[in-house]
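Remarks on the structure that follows.
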Amino acid sequence: MITTMLSACVSQRGRAFNSVAATGAALLLALALPATPAAAQALGYAAQPPQFAPFESDEAMVVPSEPADNDVAVDANEDAQLPDRLRRTVVSYPSKEPAGTIVIDTSNTYLYYVLGGGRAIRYGVGVGREGFTWAGVQTITRKAEWPDWRPPAEMIARQPYLPRFMAGGPGNPLGARAMYLGSTAYRIHGTNDPSTIGKFVSSGCIRLTNEDVEDLFSRAGIGTRVVVLPKSGSHPIEARATPRPGRQAMNISASSID
């Protein structure tokens with residue numbers, strides 16, 4: 001009887017030991033294998049952080065291909081990369097606005113710099129996307145070369161992941177030049193993404209290629225009148241375009257229209 005009881009006790013202990021060993025082996029195997037989403041949830045792993053929405057700021061951000069340097073020359077071929085209709089050219093432009101006025105045709109993504117005598121320089125521009133176009137009259141109150149970028153509070157509220165400050169340079173979304181309109185957050189500026197010219201892409205600012213904004217910057221001074229036309233689907237105001245002149249012919253001095 002005693003021998004039988006001892007044998008049963010030993011057998012029970014052996015089964016208990018085997019059960020503990022099997023449980024331990026299973027736990028080690030679970031830790032060694034990659035956790036599935038269900039396993040991660042069961043073990044209390046933190047969820048993956050939410051991914052940011054695609055960058056949709058007023059100024060499309062492009063990583064510069066070389067270190068930012070305020071003295072780096074603008075690519076002289078930017079204008080040549082644009083479709084013909086968006087390249088800088090002199091056009092016949094009947095307007096009551098005096099020479100030296102900037103007129104922005106939002107619907108057709110053109111900016112006109114009025115020369116007087118029924119002519120204007122026409123530039124291709126990028127304008128506000130749906131819901132961000134505007135119309136009115138402003139003046140240029142400040143000008144800056146290779147401007148720093150400080151996104152306004154309204155833009156940060158929409159896109160809190162934006163940088164609060166970016167130093168001027170080729171990688172800066174404001175490009176080579178900026179002209180600030182009145183006391184608003186709107187600007188006429190360059191861009192580090194010429195492919196956006198001719199499109200409705202911004203939060204209300206007007207952008208040109210860096211080559212074109214440098215040209216406009218040299219003509220428009222502080223106090224220049226800027227007329228922004230509403231988006232109405234109208235045809236261009238110009239009567240007809242004249243043949244595109246050579247680059248030297250475009251060097252119309254600011255003094256010639258004062």
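To be explicit about the labels: the chains of the structure tokens are called A, B, and onward in the order shown, and within each one the residues are counted from 1, while ligands get numbers from 1 in the order they are shown.
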Self-check item: 7 Å contact set for range 115-124 of chain A, only C-alpha atoms, chain neighbours under 2 positions out, as a VMD selection string
Solution: chain A and resid 86 to 95 98 to 100 109 to 113 197 to 198 208 257
Writing out the chosen residues with N, CA, C and O atoms as a compact mmCIF listing (two decimals), in the first residue's frame:
# COMPACT_ATOMS: atom_id res chain seq x y z
N LEU A 86 3.30 80.18 -69.85
CA LEU A 86 3.67 80.65 -68.52
C LEU A 86 5.03 81.34 -68.50
O LEU A 86 5.47 81.81 -67.45
N ARG A 87 5.70 81.43 -69.63
CA ARG A 87 6.99 82.07 -69.67
C ARG A 87 6.84 83.59 -69.68
O ARG A 87 5.88 84.13 -70.24
N ARG A 88 7.80 84.25 -69.08
CA ARG A 88 7.78 85.72 -69.02
C ARG A 88 7.86 86.30 -70.42
O ARG A 88 8.70 85.91 -71.22
N THR A 89 6.95 87.21 -70.72
CA THR A 89 6.92 87.81 -72.05
C THR A 89 6.20 89.15 -71.99
O THR A 89 5.45 89.44 -71.05
N VAL A 90 6.42 89.99 -73.00
CA VAL A 90 5.72 91.27 -73.12
C VAL A 90 4.49 91.05 -73.98
O VAL A 90 4.56 90.44 -75.04
N VAL A 91 3.33 91.55 -73.49
CA VAL A 91 2.07 91.36 -74.21
C VAL A 91 1.37 92.69 -74.38
O VAL A 91 1.65 93.67 -73.66
N SER A 92 0.45 92.72 -75.33
CA SER A 92 -0.44 93.87 -75.48
C SER A 92 -1.48 93.79 -74.37
O SER A 92 -2.17 92.77 -74.24
N TYR A 93 -1.59 94.86 -73.58
CA TYR A 93 -2.43 94.77 -72.38
C TYR A 93 -3.16 96.10 -72.15
O TYR A 93 -2.66 97.01 -71.49
N PRO A 94 -4.37 96.22 -72.70
CA PRO A 94 -5.15 97.44 -72.47
C PRO A 94 -5.64 97.49 -71.03
O PRO A 94 -6.34 96.58 -70.57
N SER A 95 -5.27 98.53 -70.32
CA SER A 95 -5.65 98.64 -68.91
C SER A 95 -5.68 100.09 -68.50
O SER A 95 -4.91 100.92 -69.00
N PRO A 98 -2.23 102.51 -64.00
CA PRO A 98 -1.02 103.23 -64.41
C PRO A 98 0.19 102.31 -64.49
O PRO A 98 0.22 101.22 -63.92
N ALA A 99 1.19 102.78 -65.22
CA ALA A 99 2.44 102.03 -65.32
C ALA A 99 3.01 101.78 -63.93
O ALA A 99 2.95 102.63 -63.05
N GLY A 100 3.56 100.59 -63.74
CA GLY A 100 4.14 100.24 -62.45
C GLY A 100 3.18 99.46 -61.56
O GLY A 100 3.57 99.01 -60.48
N THR A 109 -3.98 82.33 -63.86
CA THR A 109 -2.64 82.19 -63.24
C THR A 109 -1.58 83.03 -63.96
O THR A 109 -0.51 82.55 -64.29
N TYR A 110 -1.93 84.32 -64.15
CA TYR A 110 -0.98 85.28 -64.73
C TYR A 110 -0.78 86.44 -63.77
O TYR A 110 -1.71 86.84 -63.05
N LEU A 111 0.39 87.01 -63.80
CA LEU A 111 0.68 88.28 -63.13
C LEU A 111 1.17 89.23 -64.21
O LEU A 111 2.07 88.88 -64.99
N TYR A 112 0.57 90.42 -64.23
CA TYR A 112 0.97 91.45 -65.20
C TYR A 112 1.66 92.60 -64.48
O TYR A 112 1.15 93.10 -63.47
N TYR A 113 2.78 93.01 -65.02
CA TYR A 113 3.42 94.24 -64.55
C TYR A 113 3.20 95.27 -65.65
O TYR A 113 3.75 95.17 -66.76
N ILE A 197 4.04 76.30 -60.76
CA ILE A 197 3.63 77.50 -61.49
C ILE A 197 2.50 77.13 -62.45
O ILE A 197 2.54 76.11 -63.14
N GLY A 198 1.46 77.98 -62.48
CA GLY A 198 0.30 77.72 -63.32
C GLY A 198 -0.76 76.88 -62.63
O GLY A 198 -1.74 76.50 -63.26
N LEU A 208 6.11 82.83 -58.09
CA LEU A 208 6.73 82.82 -59.41
C LEU A 208 7.99 81.95 -59.33
O LEU A 208 8.46 81.63 -58.24
N ILE A 257 9.76 103.60 -66.86
CA ILE A 257 8.31 103.62 -66.71
C ILE A 257 7.87 104.51 -65.56
O ILE A 257 6.70 104.57 -65.25
Practice problem: Report the distance between CA of Leu82 in chain A and CA of Ser195 in chain A in Å, rounded to one decimal place. | Solution: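 Computed distance, CA of Leu82 in chain A to CA of Ser195 in chain A, equals 7.9 Å.
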Practice problem: DSSP on the backbone, then: every residue of range 57-191 of chain A marked alpha helix (DSSP H), written as a list in words. | Solution: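 For range 57-191 of chain A, the alpha helix (DSSP H) set is Ala153, Glu154, Met155, Ile156, Ala157 and Arg158 of chain A.
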Write a file of the just-selected residues containing C-alpha atoms, as a PDB file, in the first residue's frame.
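result.pdb was written with the following content:
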ATOM      1  CA  ALA A 153      -0.435  81.018 -36.906  1.00  0.00           C
ATOM      2  CA  GLU A 154      -3.418  80.124 -39.091  1.00  0.00           C
ATOM      3  CA  MET A 155      -1.273  77.796 -41.197  1.00  0.00           C
ATOM      4  CA  ILE A 156       0.287  76.166 -38.138  1.00  0.00           C
ATOM      5  CA  ALA A 157      -3.189  75.613 -36.699  1.00  0.00           C
ATOM      6  CA  ARG A 158      -4.094  73.666 -39.854  1.00  0.00           C
TER       7      ARG A 158
END
Quiz item: Got a sec: who's within 9 Å of Pro194 in chain A, counting only C-alpha atoms, leaving out chain neighbours fewer than 4 positions off, as a PyMOL selection string?
Solution: chain A and resi 78-79+81-82+190+208-210
Just the selected residues (all heavy atoms), exported as a compact mmCIF listing (two decimals), in the first residue's frame, please.
# COMPACT_ATOMS: atom_id res chain seq x y z
N GLU A 78 15.20 78.16 -65.26
CA GLU A 78 13.88 77.89 -64.73
C GLU A 78 12.78 78.35 -65.67
O GLU A 78 11.81 77.62 -65.91
CB GLU A 78 13.70 78.56 -63.37
CG GLU A 78 14.33 77.81 -62.21
CD GLU A 78 13.98 78.44 -60.88
OE1 GLU A 78 13.46 79.57 -60.88
OE2 GLU A 78 14.22 77.80 -59.86
N ASP A 79 12.90 79.54 -66.21
CA ASP A 79 11.87 80.09 -67.08
C ASP A 79 11.72 79.22 -68.32
O ASP A 79 10.60 79.01 -68.81
CB ASP A 79 12.23 81.52 -67.45
CG ASP A 79 11.06 82.26 -68.07
OD1 ASP A 79 9.92 82.07 -67.62
OD2 ASP A 79 11.28 83.03 -69.03
N GLN A 81 11.98 76.12 -68.54
CA GLN A 81 11.33 74.84 -68.23
C GLN A 81 9.81 74.96 -68.21
O GLN A 81 9.11 73.93 -68.20
CB GLN A 81 11.82 74.34 -66.86
CG GLN A 81 13.31 74.03 -66.82
CD GLN A 81 13.79 73.76 -65.40
OE1 GLN A 81 12.98 73.54 -64.50
NE2 GLN A 81 15.09 73.78 -65.20
N LEU A 82 9.29 76.17 -68.20
CA LEU A 82 7.83 76.36 -68.13
C LEU A 82 7.18 76.17 -69.50
O LEU A 82 7.82 76.37 -70.54
CB LEU A 82 7.52 77.77 -67.63
CG LEU A 82 7.99 78.13 -66.21
CD1 LEU A 82 7.67 79.59 -65.93
CD2 LEU A 82 7.36 77.23 -65.18
N GLY A 190 9.09 83.80 -54.58
CA GLY A 190 9.61 82.74 -55.43
C GLY A 190 9.18 81.38 -54.92
O GLY A 190 8.34 81.26 -54.04
N LEU A 208 6.11 82.83 -58.09
CA LEU A 208 6.73 82.82 -59.41
C LEU A 208 7.99 81.95 -59.33
O LEU A 208 8.46 81.63 -58.24
CB LEU A 208 7.13 84.22 -59.87
CG LEU A 208 6.06 85.31 -59.98
CD1 LEU A 208 5.86 86.02 -58.65
CD2 LEU A 208 6.46 86.34 -61.04
N THR A 209 8.55 81.62 -60.49
CA THR A 209 9.86 80.99 -60.45
C THR A 209 10.85 81.96 -59.83
O THR A 209 10.64 83.19 -59.83
CB THR A 209 10.36 80.61 -61.85
OG1 THR A 209 10.55 81.81 -62.62
CG2 THR A 209 9.38 79.68 -62.56
N ASN A 210 11.93 81.46 -59.31
CA ASN A 210 12.93 82.35 -58.71
C ASN A 210 13.49 83.33 -59.74
O ASN A 210 13.75 84.49 -59.43
CB ASN A 210 14.07 81.53 -58.10
CG ASN A 210 13.68 80.91 -56.78
OD1 ASN A 210 12.83 81.43 -56.06
ND2 ASN A 210 14.30 79.79 -56.44
Quiz prompt | For Thr133 in chain A, the nearest of the candidates A:Trp146, A:Ala178, A:Thr106, A:Phe217, counting only C-alpha atoms | solution =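 Residue with the minimum atom-to-atom distance to Thr133 in chain A: A:Thr106.
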Exercise. Would you list the contacts of Arg207 in chain A as an MDAnalysis selection string, taking every protein, DNA or RNA residue within 12 Å and counting only C-alpha atoms, but skipping same-chain residues closer than 2 positions in sequence?
Key: chainID A and resid 58:60 104 106 109:111 123:128 173:180 186:205 209:214 216
Kindly save the residues from that selection, with C-alpha atoms included, as a JSON list (two decimals), in the first residue's frame.
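What follows is the written file out.json:
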[["chain", "number", "residue", "atom", "x", "y", "z"],
["A", 58, "ASP", "CA", 1.23, 77.43, -48.69],
["A", 59, "GLU", "CA", 4.75, 76.83, -49.89],
["A", 60, "ALA", "CA", 5.49, 73.36, -51.19],
["A", 104, "ILE", "CA", -2.89, 89.36, -60.80],
["A", 106, "THR", "CA", -6.18, 84.63, -60.56],
["A", 109, "THR", "CA", -2.64, 82.19, -63.24],
["A", 110, "TYR", "CA", -0.98, 85.28, -64.73],
["A", 111, "LEU", "CA", 0.68, 88.28, -63.13],
["A", 123, "TYR", "CA", 4.49, 86.18, -65.78],
["A", 124, "GLY", "CA", 3.10, 82.74, -65.04],
["A", 125, "VAL", "CA", 2.24, 82.30, -61.36],
["A", 126, "GLY", "CA", 0.87, 79.80, -58.86],
["A", 127, "VAL", "CA", -2.16, 81.03, -56.88],
["A", 128, "GLY", "CA", -4.42, 79.99, -54.01],
["A", 173, "PRO", "CA", 9.64, 77.59, -49.77],
["A", 174, "LEU", "CA", 9.64, 81.38, -50.27],
["A", 175, "GLY", "CA", 12.42, 81.16, -52.83],
["A", 176, "ALA", "CA", 14.79, 83.95, -53.84],
["A", 177, "ARG", "CA", 12.63, 87.03, -53.20],
["A", 178, "ALA", "CA", 9.47, 88.05, -51.37],
["A", 179, "MET", "CA", 7.25, 91.12, -51.57],
["A", 180, "TYR", "CA", 4.83, 91.48, -48.65],
["A", 186, "TYR", "CA", 0.02, 87.26, -48.26],
["A", 187, "ARG", "CA", 3.19, 87.62, -50.32],
["A", 188, "ILE", "CA", 4.40, 87.57, -53.88],
["A", 189, "HIS", "CA", 7.42, 85.29, -53.71],
["A", 190, "GLY", "CA", 9.61, 82.74, -55.43],
["A", 191, "THR", "CA", 9.46, 78.99, -55.03],
["A", 192, "ASN", "CA", 11.77, 76.01, -54.76],
["A", 193, "ASP", "CA", 9.27, 73.97, -56.81],
["A", 194, "PRO", "CA", 8.79, 75.51, -60.30],
["A", 195, "SER", "CA", 6.38, 72.70, -61.23],
["A", 196, "THR", "CA", 3.68, 74.47, -59.17],
["A", 197, "ILE", "CA", 3.63, 77.50, -61.49],
["A", 198, "GLY", "CA", 0.30, 77.72, -63.32],
["A", 199, "LYS", "CA", -1.53, 75.77, -60.61],
["A", 200, "PHE", "CA", -3.93, 76.48, -57.75],
["A", 201, "VAL", "CA", -1.72, 75.31, -54.92],
["A", 202, "SER", "CA", -1.13, 77.91, -52.22],
["A", 203, "SER", "CA", -2.95, 79.28, -49.17],
["A", 204, "GLY", "CA", -3.35, 82.63, -50.91],
["A", 205, "CYS", "CA", 0.19, 83.73, -51.73],
["A", 209, "THR", "CA", 9.86, 80.99, -60.45],
["A", 210, "ASN", "CA", 12.93, 82.35, -58.71],
["A", 211, "GLU", "CA", 14.16, 83.76, -62.01],
["A", 212, "ASP", "CA", 10.89, 85.62, -62.58],
["A", 213, "VAL", "CA", 10.50, 86.87, -59.02],
["A", 214, "GLU", "CA", 13.99, 88.38, -59.18],
["A", 216, "LEU", "CA", 9.74, 91.49, -60.81]]
Practice problem: Please identify all polymer residues within 9 Å of Val228 in chain A, counting only C-alpha atoms, omitting same-chain residues fewer than 3 positions from it, and present them as a PyMOL selection string. | Solution: chain A and resi 102-106+134-138
Quiz item: Please, what distance in Å, to one decimal, runs between CA of Thr141 in chain A and CA of Arg164 in chain A?
Solution: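 About the pair CA of Thr141 in chain A and CA of Arg164 in chain A: they are 22.8 Å apart.
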